[in-house]
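Take a look at the structure below.
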Amino acid sequence: MNTLIREVLKEGRMAEAFNSRCIFRAWDLASGAAEFTVRRYFRDGKLYITLSSSVVRSQLHFQQDVLLQKINSIARNDEFFTDTESVKGPVTQLILK
């Protein structure tokens with residue numbers, strides 16, 4: 001069933017939107033900062049996160065490498081995540097604002 005869902009997402013060109021949603025969900029789970037997250041944007045492998053707390057942003061800044069690994073791991077394990085060449089897949093850079 002998962003294969004069928006992934007094929008439909010690819011064919012309908014919806015994979016990019018679903019990948020972004022998977023990555024945003026992965027951010028919430030990996031960072032634990034969902035309540036401080038004001039805005040999220042994902043494009044070309046870069047995840048832009050705007051936080052409402054400078055203290056939280058500072059703490060997360062020192063954990064960026066670990067966060068990237070966790071986010072990518074969680075996203076890839078999501079049943080709706082489609083890792084293809086045509087779709088911008090995992091996060092390569094985390095930008096905290």
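Note on naming: chains are A, B, ... as they come in the structure tokens, residues start from 1 per chain, ligands start from 1 in the order shown.
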Stretch 37-97 of chain A: residues DSSP assigns to helix (DSSP H, G or I), reported as number ranges by chain: A: 54-61, 64-76
Exercise: stretch 24-39 of chain A partners within 12 Å, only C-alpha atoms, chain neighbours under 3 positions left out, as a PyMOL selection string: chain A and resi 17-21+42-43+46-78+80-81+90-91+94-97
Counting only C-alpha atoms, the option among A:Glu79, A:Glu16, A:Asp44, A:Ile23 closest to A:Leu4: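 Once distances to A:Leu4 are computed over only C-alpha atoms, the minimum belongs to A:Glu79.
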